[in-house]
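Here is the file data18.cif (mmCIF, C-alpha atoms).
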```
data_my_file
#
loop_
_atom_site.label_atom_id
_atom_site.label_comp_id
_atom_site.auth_asym_id
_atom_site.auth_seq_id
_atom_site.Cartn_x
_atom_site.Cartn_y
_atom_site.Cartn_z
CA MET H 1 -9.77 -4.47 -12.94
CA LEU H 2 -8.28 -4.72 -9.46
CA LYS H 3 -5.58 -7.40 -9.46
CA LYS H 4 -5.09 -10.11 -6.88
CA ARG H 5 -1.86 -9.43 -5.01
CA ILE H 6 0.99 -11.87 -4.36
CA ILE H 7 2.98 -10.93 -1.28
CA PRO H 8 6.22 -12.55 -0.10
CA CYS H 9 6.91 -12.24 3.63
CA LEU H 10 10.48 -11.82 4.91
CA ASP H 11 11.34 -12.62 8.52
CA ILE H 12 13.96 -10.23 9.88
CA LYS H 13 16.28 -10.68 12.85
CA GLU H 14 18.96 -8.13 13.69
CA GLY H 15 18.50 -6.55 10.27
CA ARG H 16 19.01 -9.80 8.36
CA THR H 17 16.62 -12.24 6.73
CA VAL H 18 16.15 -15.27 8.90
CA LYS H 19 14.92 -18.25 6.96
CA GLY H 20 17.27 -19.98 4.60
CA ILE H 21 17.01 -18.43 1.21
CA ASN H 22 17.65 -20.22 -2.03
CA PHE H 23 18.11 -17.69 -4.77
CA GLY H 24 20.99 -18.63 -7.03
CA SER H 25 21.35 -15.19 -8.57
CA ILE H 26 21.43 -13.15 -5.43
CA LYS H 27 24.71 -11.94 -3.92
CA ASP H 28 23.70 -11.65 -0.30
CA ALA H 29 20.47 -13.51 0.42
CA GLY H 30 20.74 -12.49 4.07
CA ASP H 31 20.36 -8.85 3.14
CA PRO H 32 16.65 -8.02 3.17
CA VAL H 33 17.16 -5.17 0.70
CA GLU H 34 18.88 -7.40 -1.88
CA LEU H 35 16.17 -10.00 -1.48
CA ALA H 36 13.42 -7.39 -1.69
CA LYS H 37 14.90 -6.02 -4.92
CA THR H 38 14.86 -9.50 -6.40
CA TYR H 39 11.21 -9.89 -5.46
CA VAL H 40 10.39 -6.54 -7.07
CA GLU H 41 12.04 -7.75 -10.29
CA HIS H 42 9.96 -10.92 -9.99
CA ASP H 43 6.76 -8.85 -9.92
CA ALA H 44 5.86 -9.25 -6.27
CA ASP H 45 2.98 -6.83 -5.67
CA GLU H 46 3.89 -5.84 -2.13
CA LEU H 47 6.33 -6.99 0.53
CA VAL H 48 5.90 -7.73 4.21
CA PHE H 49 8.85 -7.52 6.60
CA LEU H 50 8.25 -9.19 9.93
CA ASP H 51 10.74 -8.29 12.63
CA ILE H 52 11.24 -11.08 15.12
CA THR H 53 13.91 -9.43 17.23
CA ALA H 54 13.31 -8.51 20.80
CA THR H 55 15.79 -6.00 22.18
CA ILE H 56 15.69 -2.24 21.85
CA GLU H 57 19.14 -2.17 20.19
CA GLU H 58 17.89 -4.51 17.53
CA ARG H 59 14.80 -2.35 16.99
CA LYS H 60 17.11 0.52 16.06
CA THR H 61 18.65 -1.73 13.44
CA LEU H 62 15.13 -2.25 12.09
CA ILE H 63 14.58 1.49 11.64
CA ASP H 64 17.83 1.75 9.67
CA LEU H 65 16.74 -1.18 7.57
CA VAL H 66 13.30 0.31 6.88
CA GLU H 67 15.00 3.52 5.70
CA ARG H 68 17.18 1.50 3.31
CA ILE H 69 14.20 -0.47 2.01
CA ALA H 70 12.23 2.73 1.43
CA ARG H 71 15.12 4.23 -0.53
CA GLU H 72 15.56 1.20 -2.76
CA ILE H 73 12.11 -0.33 -3.28
CA ASN H 74 9.43 1.09 -5.57
CA ILE H 75 6.47 -1.00 -4.44
CA PRO H 76 4.50 -0.78 -1.18
CA PHE H 77 5.79 -2.55 1.92
CA THR H 78 4.46 -3.38 5.36
CA VAL H 79 6.50 -3.71 8.53
CA GLY H 80 5.32 -5.78 11.47
CA GLY H 81 6.57 -7.24 14.73
CA GLY H 82 6.98 -5.67 18.13
CA ILE H 83 4.79 -2.63 17.50
CA ASN H 84 3.09 -1.65 20.77
CA THR H 85 2.59 2.08 20.67
CA VAL H 86 1.74 4.95 18.33
CA GLN H 87 5.37 6.10 18.82
CA ASP H 88 6.60 2.78 17.38
CA VAL H 89 4.37 3.38 14.37
CA ASP H 90 5.55 6.96 14.02
CA ARG H 91 9.19 5.87 13.78
CA LEU H 92 8.43 3.25 11.14
CA ILE H 93 6.22 5.51 9.01
CA LYS H 94 8.81 8.30 9.18
CA ALA H 95 11.47 5.79 8.13
CA GLY H 96 9.36 5.09 5.04
CA ALA H 97 7.10 2.10 5.78
CA ASP H 98 3.84 2.32 3.83
CA LYS H 99 1.89 0.20 6.27
CA ILE H 100 2.45 -1.32 9.66
CA SER H 101 1.09 -4.62 10.91
CA ILE H 102 -0.01 -5.21 14.48
CA ASN H 103 -1.14 -8.44 16.08
CA SER H 104 -0.81 -9.24 19.81
CA SER H 105 -0.67 -5.56 20.79
CA ALA H 106 -4.04 -4.96 19.09
CA VAL H 107 -5.62 -7.87 20.97
CA LYS H 108 -4.25 -6.59 24.27
CA ARG H 109 -5.37 -3.02 23.57
CA PRO H 110 -7.84 -2.77 20.67
CA ASN H 111 -7.89 1.03 20.84
CA LEU H 112 -4.33 1.03 19.47
CA ILE H 113 -5.91 0.34 16.06
CA LYS H 114 -8.08 3.43 16.37
CA GLU H 115 -5.20 5.61 17.56
CA ILE H 116 -2.99 4.61 14.63
CA ALA H 117 -5.83 4.97 12.11
CA GLN H 118 -6.69 8.44 13.38
CA GLN H 119 -3.13 9.64 13.17
CA TYR H 120 -1.91 7.98 9.98
CA GLY H 121 -5.08 6.82 8.22
CA SER H 122 -6.68 3.41 7.95
CA GLN H 123 -4.72 2.64 4.79
CA CYS H 124 -1.55 2.07 6.81
CA VAL H 125 -3.06 -0.19 9.49
CA VAL H 126 -2.86 -3.90 8.80
CA VAL H 127 -4.20 -6.05 11.61
CA ALA H 128 -2.67 -9.53 11.56
CA ILE H 129 -4.97 -12.22 12.93
CA ASP H 130 -3.57 -15.63 13.84
CA ALA H 131 -6.49 -18.05 13.70
CA LYS H 132 -6.50 -21.54 15.18
CA TRP H 133 -9.25 -24.15 15.08
CA HIS H 134 -9.86 -24.73 18.78
CA GLN H 135 -12.84 -26.25 20.56
CA ASP H 136 -14.91 -26.45 17.37
CA THR H 137 -14.45 -22.87 16.33
CA TRP H 138 -11.85 -20.49 14.84
CA ASN H 139 -10.23 -18.60 17.70
CA VAL H 140 -7.74 -15.74 17.76
CA PHE H 141 -4.34 -16.71 19.13
CA ILE H 142 -1.43 -14.42 19.96
CA HIS H 143 2.30 -14.73 20.62
CA GLY H 144 2.92 -16.68 17.46
CA GLY H 145 -0.10 -18.91 17.94
CA THR H 146 0.83 -20.09 21.42
CA THR H 147 -1.62 -18.11 23.54
CA PRO H 148 -5.41 -18.36 23.17
CA THR H 149 -7.56 -15.25 23.51
CA PRO H 150 -11.29 -14.91 24.27
CA TYR H 151 -11.93 -13.68 20.70
CA GLY H 152 -13.60 -15.60 17.94
CA VAL H 153 -11.99 -14.82 14.57
CA LEU H 154 -15.14 -13.46 12.91
CA SER H 155 -16.13 -11.13 15.72
CA TRP H 156 -12.54 -9.91 16.13
CA ALA H 157 -12.26 -9.28 12.38
CA LYS H 158 -15.45 -7.21 12.48
CA GLN H 159 -14.19 -5.32 15.51
CA VAL H 160 -10.83 -4.42 13.97
CA GLU H 161 -12.65 -3.15 10.87
CA GLN H 162 -14.86 -0.95 13.03
CA LEU H 163 -11.82 0.36 14.91
CA GLY H 164 -10.26 1.53 11.65
CA ALA H 165 -8.07 -1.27 10.31
CA GLY H 166 -7.50 -0.87 6.57
CA GLU H 167 -6.68 -4.49 5.89
CA ILE H 168 -6.59 -7.89 7.60
CA LEU H 169 -3.68 -10.32 7.30
CA LEU H 170 -5.33 -13.62 8.18
CA THR H 171 -3.08 -16.56 9.02
CA SER H 172 -4.40 -20.00 9.74
CA MET H 173 -2.05 -21.50 12.33
CA ASN H 174 -3.42 -24.97 11.53
CA GLN H 175 -2.33 -24.63 7.90
CA ASP H 176 0.84 -22.61 8.42
CA GLY H 177 3.89 -24.58 7.33
CA THR H 178 1.87 -27.57 6.10
CA LYS H 179 1.97 -26.64 2.39
CA ALA H 180 -1.47 -28.28 2.17
CA GLY H 181 -3.31 -25.19 0.95
CA PHE H 182 -4.95 -22.14 2.48
CA ALA H 183 -7.78 -22.49 5.02
CA LEU H 184 -10.41 -21.73 2.38
CA GLU H 185 -13.47 -21.83 4.59
CA LEU H 186 -11.90 -19.56 7.19
CA VAL H 187 -10.71 -17.07 4.57
CA GLN H 188 -14.10 -17.06 2.91
CA GLN H 189 -15.92 -16.46 6.18
CA VAL H 190 -13.69 -13.57 7.18
CA ALA H 191 -13.73 -11.99 3.70
CA ASP H 192 -17.54 -12.16 3.76
CA GLU H 193 -17.70 -10.72 7.26
CA VAL H 194 -15.71 -7.54 6.60
CA ASN H 195 -15.65 -4.97 3.82
CA ILE H 196 -11.89 -4.29 4.04
CA PRO H 197 -9.32 -6.29 2.02
CA VAL H 198 -8.23 -9.66 3.43
CA ILE H 199 -4.79 -11.16 2.81
CA ALA H 200 -4.83 -14.97 3.07
CA SER H 201 -1.79 -16.55 4.71
CA GLY H 202 -0.70 -19.99 5.86
CA GLY H 203 -0.57 -23.22 3.94
CA ALA H 204 0.53 -22.27 0.42
CA GLY H 205 2.53 -25.13 -1.09
CA VAL H 206 1.84 -25.19 -4.81
CA LYS H 207 0.52 -22.83 -7.46
CA SER H 208 -3.00 -24.26 -7.45
CA HIS H 209 -3.41 -23.26 -3.80
CA PHE H 210 -3.29 -19.61 -4.87
CA LYS H 211 -5.84 -20.24 -7.62
CA ASP H 212 -8.11 -21.93 -5.07
CA VAL H 213 -7.93 -19.12 -2.55
CA PHE H 214 -8.69 -16.48 -5.20
CA GLU H 215 -11.45 -18.47 -6.86
CA LYS H 216 -13.17 -19.75 -3.76
CA THR H 217 -12.84 -16.87 -1.32
CA GLY H 218 -13.03 -13.08 -1.29
CA ALA H 219 -9.31 -12.73 -0.44
CA THR H 220 -7.74 -9.91 -2.44
CA ALA H 221 -4.16 -10.97 -1.71
CA ALA H 222 -2.20 -14.06 -0.71
CA LEU H 223 0.98 -14.17 1.33
CA ALA H 224 3.67 -16.84 1.55
CA ALA H 225 7.25 -17.09 2.74
CA SER H 226 9.35 -20.22 2.44
CA ILE H 227 7.97 -21.51 -0.87
CA PHE H 228 9.10 -18.25 -2.47
CA HIS H 229 12.40 -18.03 -0.57
CA TYR H 230 13.36 -21.62 -1.42
CA GLY H 231 12.33 -21.17 -5.03
CA GLU H 232 9.71 -23.93 -4.81
CA VAL H 233 7.26 -21.52 -6.40
CA SER H 234 8.58 -18.58 -8.41
CA ILE H 235 6.36 -15.53 -8.55
CA PRO H 236 6.61 -14.98 -12.35
CA ASP H 237 5.73 -18.63 -12.88
CA LEU H 238 2.86 -18.42 -10.38
CA LYS H 239 1.46 -15.32 -12.07
CA LYS H 240 1.67 -16.90 -15.50
CA TYR H 241 -0.23 -19.89 -14.12
CA LEU H 242 -2.89 -17.67 -12.53
CA VAL H 243 -3.37 -15.72 -15.77
CA THR H 244 -4.00 -18.95 -17.70
CA HIS H 245 -6.60 -19.83 -15.05
CA ASN H 246 -8.33 -16.46 -15.45
CA VAL H 247 -7.21 -14.99 -12.16
CA ALA H 248 -6.36 -11.32 -12.75
CA VAL H 249 -2.82 -10.54 -11.58
CA ARG H 250 -0.27 -7.90 -12.48
CA THR H 251 2.47 -8.90 -14.87
CA SER H 252 4.74 -5.99 -15.69
CA LYS H 253 6.98 -7.92 -18.06
CA PRO H 254 4.79 -10.40 -19.91
CA ASN H 255 7.49 -11.20 -22.46
CA MET H 256 10.15 -11.93 -19.92
CA ILE H 257 8.41 -14.67 -17.97
CA MET Y 258 14.93 21.72 -7.67
CA ILE Y 259 11.58 20.05 -7.10
CA ALA Y 260 9.55 21.23 -4.12
CA ILE Y 261 7.54 18.58 -2.28
CA LEU Y 262 4.80 20.26 -0.33
CA LYS Y 263 5.10 19.60 3.38
CA TYR Y 264 1.82 19.28 5.23
CA ASN Y 265 0.14 16.98 7.71
CA ALA Y 266 -0.03 13.98 5.41
CA GLY Y 267 1.95 10.78 5.19
CA ASN Y 268 3.89 9.35 2.28
CA ILE Y 269 5.99 12.45 1.66
CA LYS Y 270 9.32 10.68 2.19
CA SER Y 271 8.33 7.99 -0.33
CA VAL Y 272 7.92 10.63 -3.01
CA GLN Y 273 11.33 12.08 -2.20
CA ASN Y 274 12.90 8.61 -2.32
CA ALA Y 275 11.35 8.01 -5.74
CA LEU Y 276 12.73 11.31 -7.06
CA THR Y 277 16.16 10.47 -5.66
CA ARG Y 278 16.07 7.12 -7.47
CA LEU Y 279 15.43 9.09 -10.67
CA GLY Y 280 18.48 11.23 -9.93
CA CYS Y 281 16.45 14.30 -9.10
CA SER Y 282 17.05 16.51 -6.08
CA SER Y 283 14.09 17.72 -4.09
CA LEU Y 284 13.17 19.72 -1.06
CA ILE Y 285 10.33 19.04 1.38
CA THR Y 286 9.01 22.46 2.27
CA ASP Y 287 6.00 24.54 3.30
CA ASP Y 288 7.80 27.82 2.60
CA ARG Y 289 5.90 30.00 0.15
CA THR Y 290 8.99 31.41 -1.57
CA GLU Y 291 10.65 28.01 -1.93
CA ILE Y 292 7.46 26.56 -3.40
CA LEU Y 293 6.90 29.39 -5.85
CA ASN Y 294 10.55 29.38 -6.94
CA ALA Y 295 10.79 25.62 -7.46
CA GLU Y 296 11.11 24.22 -10.94
CA LYS Y 297 8.15 21.92 -10.27
CA VAL Y 298 5.96 21.13 -7.29
CA ILE Y 299 4.66 17.82 -6.00
CA PHE Y 300 1.60 17.84 -3.75
CA PRO Y 301 1.62 14.36 -2.22
CA GLY Y 302 -0.43 12.85 0.50
CA VAL Y 303 -2.19 10.12 2.28
CA GLY Y 304 -4.53 11.32 4.95
CA GLU Y 305 -7.89 12.83 5.75
CA ALA Y 306 -9.30 15.61 3.54
CA SER Y 307 -10.85 18.05 6.06
CA SER Y 308 -7.86 18.14 8.43
CA ALA Y 309 -5.45 18.45 5.48
CA MET Y 310 -7.43 21.39 4.01
CA ARG Y 311 -7.62 23.06 7.41
CA TYR Y 312 -3.86 22.71 7.78
CA LEU Y 313 -3.28 24.23 4.32
CA ARG Y 314 -5.67 27.14 4.93
CA GLU Y 315 -4.21 27.97 8.33
CA ARG Y 316 -0.82 28.43 6.66
CA GLY Y 317 -2.11 30.16 3.53
CA LEU Y 318 -0.83 27.24 1.47
CA ASP Y 319 -4.21 26.86 -0.29
CA LYS Y 320 -3.66 30.17 -2.08
CA VAL Y 321 -0.01 29.35 -2.75
CA ILE Y 322 -0.93 26.07 -4.48
CA SER Y 323 -3.61 27.66 -6.64
CA SER Y 324 -1.20 30.41 -7.74
CA ILE Y 325 1.62 28.10 -8.88
CA THR Y 326 2.39 28.52 -12.59
CA GLN Y 327 5.03 25.76 -12.88
CA PRO Y 328 3.98 22.11 -13.36
CA VAL Y 329 2.29 20.70 -10.25
CA LEU Y 330 1.66 17.02 -9.60
CA GLY Y 331 -0.92 16.08 -6.98
CA ILE Y 332 -0.83 12.50 -5.73
CA CYS Y 333 -3.71 10.60 -4.06
CA LEU Y 334 -5.07 12.96 -1.39
CA GLY Y 335 -3.26 15.72 -3.29
CA LEU Y 336 -5.48 15.00 -6.32
CA GLN Y 337 -8.60 14.99 -4.16
CA LEU Y 338 -7.74 18.31 -2.52
CA MET Y 339 -7.32 19.86 -5.99
CA CYS Y 340 -11.00 19.08 -6.80
CA THR Y 341 -13.98 21.27 -5.87
CA SER Y 342 -15.13 19.35 -2.80
CA SER Y 343 -14.82 16.05 -0.97
CA GLN Y 344 -17.44 14.02 0.83
CA GLU Y 345 -14.72 13.15 3.32
CA GLY Y 346 -15.44 15.47 6.24
CA ASN Y 347 -17.71 17.54 3.92
CA THR Y 348 -14.72 19.51 2.74
CA THR Y 349 -14.50 22.44 0.35
CA CYS Y 350 -11.28 21.87 -1.61
CA LEU Y 351 -9.07 23.98 -3.88
CA GLY Y 352 -11.35 23.87 -6.91
CA ILE Y 353 -8.63 23.48 -9.54
CA PHE Y 354 -10.33 20.50 -11.17
CA ASP Y 355 -14.03 20.84 -11.80
CA THR Y 356 -15.18 17.62 -10.16
CA GLU Y 357 -16.34 16.23 -6.84
CA VAL Y 358 -14.75 13.60 -4.63
CA LYS Y 359 -17.07 10.89 -3.33
CA LEU Y 360 -16.93 7.78 -1.15
CA PHE Y 361 -16.85 4.45 -2.98
CA PRO Y 362 -20.07 2.47 -2.70
CA SER Y 363 -19.71 -0.53 -0.37
CA THR Y 364 -20.49 -2.99 -3.18
CA GLU Y 365 -16.74 -3.64 -3.33
CA LYS Y 366 -14.17 -3.73 -0.56
CA VAL Y 367 -13.13 -0.28 0.64
CA PRO Y 368 -10.39 0.98 0.57
CA HIS Y 369 -9.66 0.28 -3.07
CA MET Y 370 -6.23 -1.19 -2.39
CA GLY Y 371 -3.82 -2.71 -4.86
CA TRP Y 372 -2.88 -2.69 -8.53
CA ASN Y 373 -5.51 -1.64 -11.03
CA THR Y 374 -5.55 -0.94 -14.75
CA LEU Y 375 -5.05 2.44 -16.43
CA LEU Y 376 -7.69 3.11 -19.08
CA ASP Y 377 -8.11 5.82 -21.76
CA VAL Y 378 -4.78 7.44 -20.95
CA GLN Y 379 -4.07 10.79 -22.61
CA GLY Y 380 -1.49 13.51 -22.48
CA ARG Y 381 2.15 13.98 -21.65
CA LEU Y 382 2.05 12.35 -18.24
CA PHE Y 383 1.43 9.00 -19.93
CA ARG Y 384 4.05 9.20 -22.68
CA ASN Y 385 5.49 5.68 -23.28
CA ILE Y 386 2.90 4.16 -20.96
CA ASN Y 387 0.88 1.29 -22.34
CA GLU Y 388 -2.84 1.43 -21.88
CA HIS Y 389 -3.79 -1.33 -19.40
CA SER Y 390 -0.64 -0.89 -17.36
CA ASP Y 391 -1.25 -1.51 -13.67
CA VAL Y 392 -0.58 1.11 -11.02
CA TYR Y 393 -0.92 1.03 -7.23
CA TYR Y 394 -3.90 2.58 -5.48
CA VAL Y 395 -4.96 2.94 -1.88
CA HIS Y 396 -7.97 5.18 -1.30
CA SER Y 397 -11.59 5.17 -0.16
CA TYR Y 398 -12.74 8.30 -2.01
CA TYR Y 399 -12.59 8.95 -5.75
CA ALA Y 400 -12.89 11.88 -8.17
CA GLU Y 401 -15.74 11.59 -10.64
CA PRO Y 402 -14.73 11.63 -14.33
CA CYS Y 403 -14.87 15.14 -15.78
CA ALA Y 404 -13.54 17.30 -18.62
CA HIS Y 405 -10.07 17.28 -16.98
CA THR Y 406 -9.84 13.49 -16.70
CA VAL Y 407 -6.78 12.14 -18.58
CA ALA Y 408 -6.94 8.52 -17.36
CA LEU Y 409 -9.70 6.35 -15.98
CA CYS Y 410 -9.89 3.37 -13.65
CA ASP Y 411 -12.72 0.97 -12.88
CA TYR Y 412 -13.60 -0.15 -9.37
CA SER Y 413 -17.32 -0.82 -9.14
CA ILE Y 414 -17.64 2.54 -10.93
CA SER Y 415 -15.45 4.46 -13.35
CA PHE Y 416 -13.37 7.20 -11.71
CA SER Y 417 -10.55 9.61 -12.58
CA ALA Y 418 -7.17 7.87 -12.33
CA ALA Y 419 -5.52 11.11 -13.42
CA LEU Y 420 -6.52 14.71 -14.08
CA GLN Y 421 -4.89 17.59 -15.91
CA LYS Y 422 -5.74 21.23 -16.35
CA GLY Y 423 -3.01 23.46 -17.74
CA ASN Y 424 0.02 23.16 -15.49
CA PHE Y 425 -1.88 21.14 -12.87
CA PHE Y 426 -1.50 17.36 -13.07
CA ALA Y 427 -2.72 14.78 -10.57
CA THR Y 428 -2.86 11.03 -10.12
CA GLN Y 429 -5.13 9.09 -7.78
CA PHE Y 430 -2.63 6.21 -7.82
CA HIS Y 431 0.83 6.36 -6.25
CA PRO Y 432 3.46 6.61 -9.02
CA GLU Y 433 6.16 6.44 -6.34
CA LYS Y 434 4.91 2.95 -5.39
CA SER Y 435 3.96 1.70 -8.86
CA ALA Y 436 7.24 0.00 -9.83
CA GLY Y 437 8.58 0.73 -13.35
CA VAL Y 438 5.31 2.17 -14.70
CA GLY Y 439 5.16 4.66 -11.86
CA GLU Y 440 8.79 5.65 -12.39
CA MET Y 441 8.07 6.37 -16.06
CA ILE Y 442 5.09 8.56 -15.12
CA LEU Y 443 7.21 10.50 -12.62
CA LYS Y 444 9.95 10.81 -15.23
CA ASN Y 445 7.40 12.19 -17.70
CA PHE Y 446 6.37 14.77 -15.15
CA LEU Y 447 9.98 15.73 -14.42
CA GLU Y 448 10.63 16.15 -18.14
CA LEU Y 449 7.66 18.47 -18.77
#
```
Will you turn the file into structure tokens for me?
Amino acid sequence: MLKKRIIPCLDIKEGRTVKGINFGSIKDAGDPVELAKTYVEHDADELVFLDITATIEERKTLIDLVERIAREINIPFTVGGGINTVQDVDRLIKAGADKISINSSAVKRPNLIKEIAQQYGSQCVVVAIDAKWHQDTWNVFIHGGTTPTPYGVLSWAKQVEQLGAGEILLTSMNQDGTKAGFALELVQQVADEVNIPVIASGGAGVKSHFKDVFEKTGATAALAASIFHYGEVSIPDLKKYLVTHNVAVRTSKPNMI
Amino acid sequence: MIAILKYNAGNIKSVQNALTRLGCSSLITDDRTEILNAEKVIFPGVGEASSAMRYLRERGLDKVISSITQPVLGICLGLQLMCTSSQEGNTTCLGIFDTEVKLFPSTEKVPHMGWNTLLDVQGRLFRNINEHSDVYYVHSYYAEPCAHTVALCDYSISFSAALQKGNFFATQFHPEKSAGVGEMILKNFLEL
């Protein structure tokens, strides 16, 4: 049976993790590789690294980092942030990223999705959609949720699928950071609209939120950041909880949880 | 020395990284002599079947692969290209495994992406591997179960998770991305 995936997201700036991290056991919580290794031990199913740096010098640091991650990590990982061209993708894939995630650049130039899919395959193209409830409908926003676009979320999701996206990372900007739960209706609508996997993001606060999103929507994965980094929810604990609630998840070390 | 076949497919570096983590040196190459002289050969790949086969044929690598007598491990697209044909781009493949590659029905989300369970595992590739271990998949096409199937997986239908015929081994999943279970499978291959 295909398992539901739990995906921690790490924000990266100048090659270091950004948000405060609270892992007692870890030597250097600012080192994305150390943190990633801890998450692998904790049975994370995939990792997402989101680069929030701006300058070209810092982008070079990202490539070095991706090479280090690829050498050390034995689960799939996605890299996103600042990807505007097929050349950007080429550098990241050659450095060892399994998938890349694009957001604003896909909205500005939808054909970028097609170009990447044709060259590297749909399996490596994750399109991140930032959704915001705006004027009585779910709209696509870009630039970290600050800029509205003419796209409705459902029609944009369908379009990115048709252009060759292999997966959608759907974040509800209304829920993001609230810890009040995922936007279940939104996730359900998008998962019903497309036939590619949908990763739900934004709003996870407690374990039951993950159960809800897997039980009530067609999401095949759920992503969160701070609740994992701060240790508010531990992944082994979350997976144990999901198993007892009949949600199929991967547990590689059932006796060690 | 392990030869990793170089062709127009992604994911090759990941395989090399995984071998390095296991303390094994490898060479990414499309040179006939280097491939045929290697201790073992890995035929990796994520990509599109018809363009990959065309690339292999143009360089004579199709014949090289079929003539290898050392252990060979095909991964993902590598497995599919070792079958008789693929619906992807209506492609005639290498014909090592006597089975066809088909597109998943759209009753489930496609691609089949994520961790899924190994069933009915047999043979040396799965030594020390518990049945029901999860491994990582990402693919839209699958090989139908056949006489060479040595592991199964269910995703709307039952398909070949792994195949073996003589010295030719192949996995539809990515051992190099399947955490500890994947490392054990790669180790089993390296120890053949």
Note to self: Select, as a PyMOL selection string, those residues of chain Y with any atom no more than 10 Å from chain H (distances computed using all atoms listed in the file).
What the structure shows: chain Y and resi 265-278+303-305+363-376+389-397+410-413+431-440
Evaluated on this file, the PyMOL selection byres ((chain Y and resi 292) around 12) picks out some residues - which ones are they, written as a PDB file with C-alpha atoms, in the frame of the given file?
```pdb
ATOM      1  CA  MET Y 258      14.930  21.720  -7.670  1.00  0.00           C
ATOM      2  CA  ILE Y 259      11.580  20.050  -7.100  1.00  0.00           C
ATOM      3  CA  ALA Y 260       9.550  21.230  -4.120  1.00  0.00           C
ATOM      4  CA  ILE Y 261       7.540  18.580  -2.280  1.00  0.00           C
ATOM      5  CA  LEU Y 262       4.800  20.260  -0.330  1.00  0.00           C
ATOM      6  CA  LYS Y 263       5.100  19.600   3.380  1.00  0.00           C
ATOM      7  CA  SER Y 283      14.090  17.720  -4.090  1.00  0.00           C
ATOM      8  CA  LEU Y 284      13.170  19.720  -1.060  1.00  0.00           C
ATOM      9  CA  ILE Y 285      10.330  19.040   1.380  1.00  0.00           C
ATOM     10  CA  THR Y 286       9.010  22.460   2.270  1.00  0.00           C
ATOM     11  CA  ASP Y 287       6.000  24.540   3.300  1.00  0.00           C
ATOM     12  CA  ASP Y 288       7.800  27.820   2.600  1.00  0.00           C
ATOM     13  CA  ARG Y 289       5.900  30.000   0.150  1.00  0.00           C
ATOM     14  CA  THR Y 290       8.990  31.410  -1.570  1.00  0.00           C
ATOM     15  CA  GLU Y 291      10.650  28.010  -1.930  1.00  0.00           C
ATOM     16  CA  LEU Y 293       6.900  29.390  -5.850  1.00  0.00           C
ATOM     17  CA  ASN Y 294      10.550  29.380  -6.940  1.00  0.00           C
ATOM     18  CA  ALA Y 295      10.790  25.620  -7.460  1.00  0.00           C
ATOM     19  CA  GLU Y 296      11.110  24.220 -10.940  1.00  0.00           C
ATOM     20  CA  LYS Y 297       8.150  21.920 -10.270  1.00  0.00           C
ATOM     21  CA  VAL Y 298       5.960  21.130  -7.290  1.00  0.00           C
ATOM     22  CA  ILE Y 299       4.660  17.820  -6.000  1.00  0.00           C
ATOM     23  CA  PHE Y 300       1.600  17.840  -3.750  1.00  0.00           C
ATOM     24  CA  LEU Y 318      -0.830  27.240   1.470  1.00  0.00           C
ATOM     25  CA  LYS Y 320      -3.660  30.170  -2.080  1.00  0.00           C
ATOM     26  CA  VAL Y 321      -0.010  29.350  -2.750  1.00  0.00           C
ATOM     27  CA  ILE Y 322      -0.930  26.070  -4.480  1.00  0.00           C
ATOM     28  CA  SER Y 323      -3.610  27.660  -6.640  1.00  0.00           C
ATOM     29  CA  SER Y 324      -1.200  30.410  -7.740  1.00  0.00           C
ATOM     30  CA  ILE Y 325       1.620  28.100  -8.880  1.00  0.00           C
ATOM     31  CA  THR Y 326       2.390  28.520 -12.590  1.00  0.00           C
ATOM     32  CA  GLN Y 327       5.030  25.760 -12.880  1.00  0.00           C
ATOM     33  CA  PRO Y 328       3.980  22.110 -13.360  1.00  0.00           C
ATOM     34  CA  VAL Y 329       2.290  20.700 -10.250  1.00  0.00           C
TER      35      VAL Y 329
END
```
Notebook entry, point to check: Quick one: distance from CA of Ala222 (chain H) to CA of Ala204 (chain H) in Å, one decimal?
Noted result: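 CA of Ala222 (chain H) sits 8.7 Å away from CA of Ala204 (chain H).
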Checklist line | Between CA of Gln429 (chain Y) and CA of Asn385 (chain Y), distance in Å (one decimal) | finding: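 Taking CA of Gln429 (chain Y) and CA of Asn385 (chain Y), their separation equals 19.1 Å.
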Notebook entry, point to check: Taking (15.5, -14.9, 7.1) in the file's coordinates as the center, which residues reach within 10 Å of it, counting only C-alpha atoms, put as a ChimeraX atom specification?
Noted result: /H:9-13,15-21,29-32,35,49-52,225-226,229
Notebook entry, point to check: Between CA of Leu223 (chain H) and CA of Tyr241 (chain H), what is the distance, to one decimal in Å?
Noted result: 16.5 Å
Next item on the list: List the residues selected by the PyMOL selection byres ((chain Y and resi 427) around 6) in the file shown, writing them as number ranges by chain.
Entry: Y: 330-332, 336, 419-420, 426, 428
Next item on the list: Compare H:Ala36, H:Leu242, H:Ile235, H:Leu184 by their minimum atom-to-atom distance to Thr217 (chain H), counting all atoms listed in the file, and give me the closest one.
Entry: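 Closest candidate: H:Leu184.
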Margin query: Could you list, as a PyMOL selection string, every residue within 12 Å of Asp237 (chain H), counting all atoms listed in the file and ignoring same-chain residues fewer than 3 positions away?
Written below: chain H and resi 6+42-44+206-208+228+231-234+240-244+249+251+253-254+256-257
Next item on the list: List the residues matched by the PyMOL selection byres ((chain H and resi 145) around 9) in the displayed structure as a list in words, ordered by chain and then by residue number.
Entry: Asp130, Ala131, Lys132, Val140, Phe141, Ile142, His143, Gly144, Thr146, Thr147, Pro148 and Met173 of chain H
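Ranking H:Arg91, H:Val107, H:Tyr151, H:Ala200 by their shortest atom-to-atom distance to Val66 (chain H), with all atoms listed in the file included, puts H:Arg91 first.
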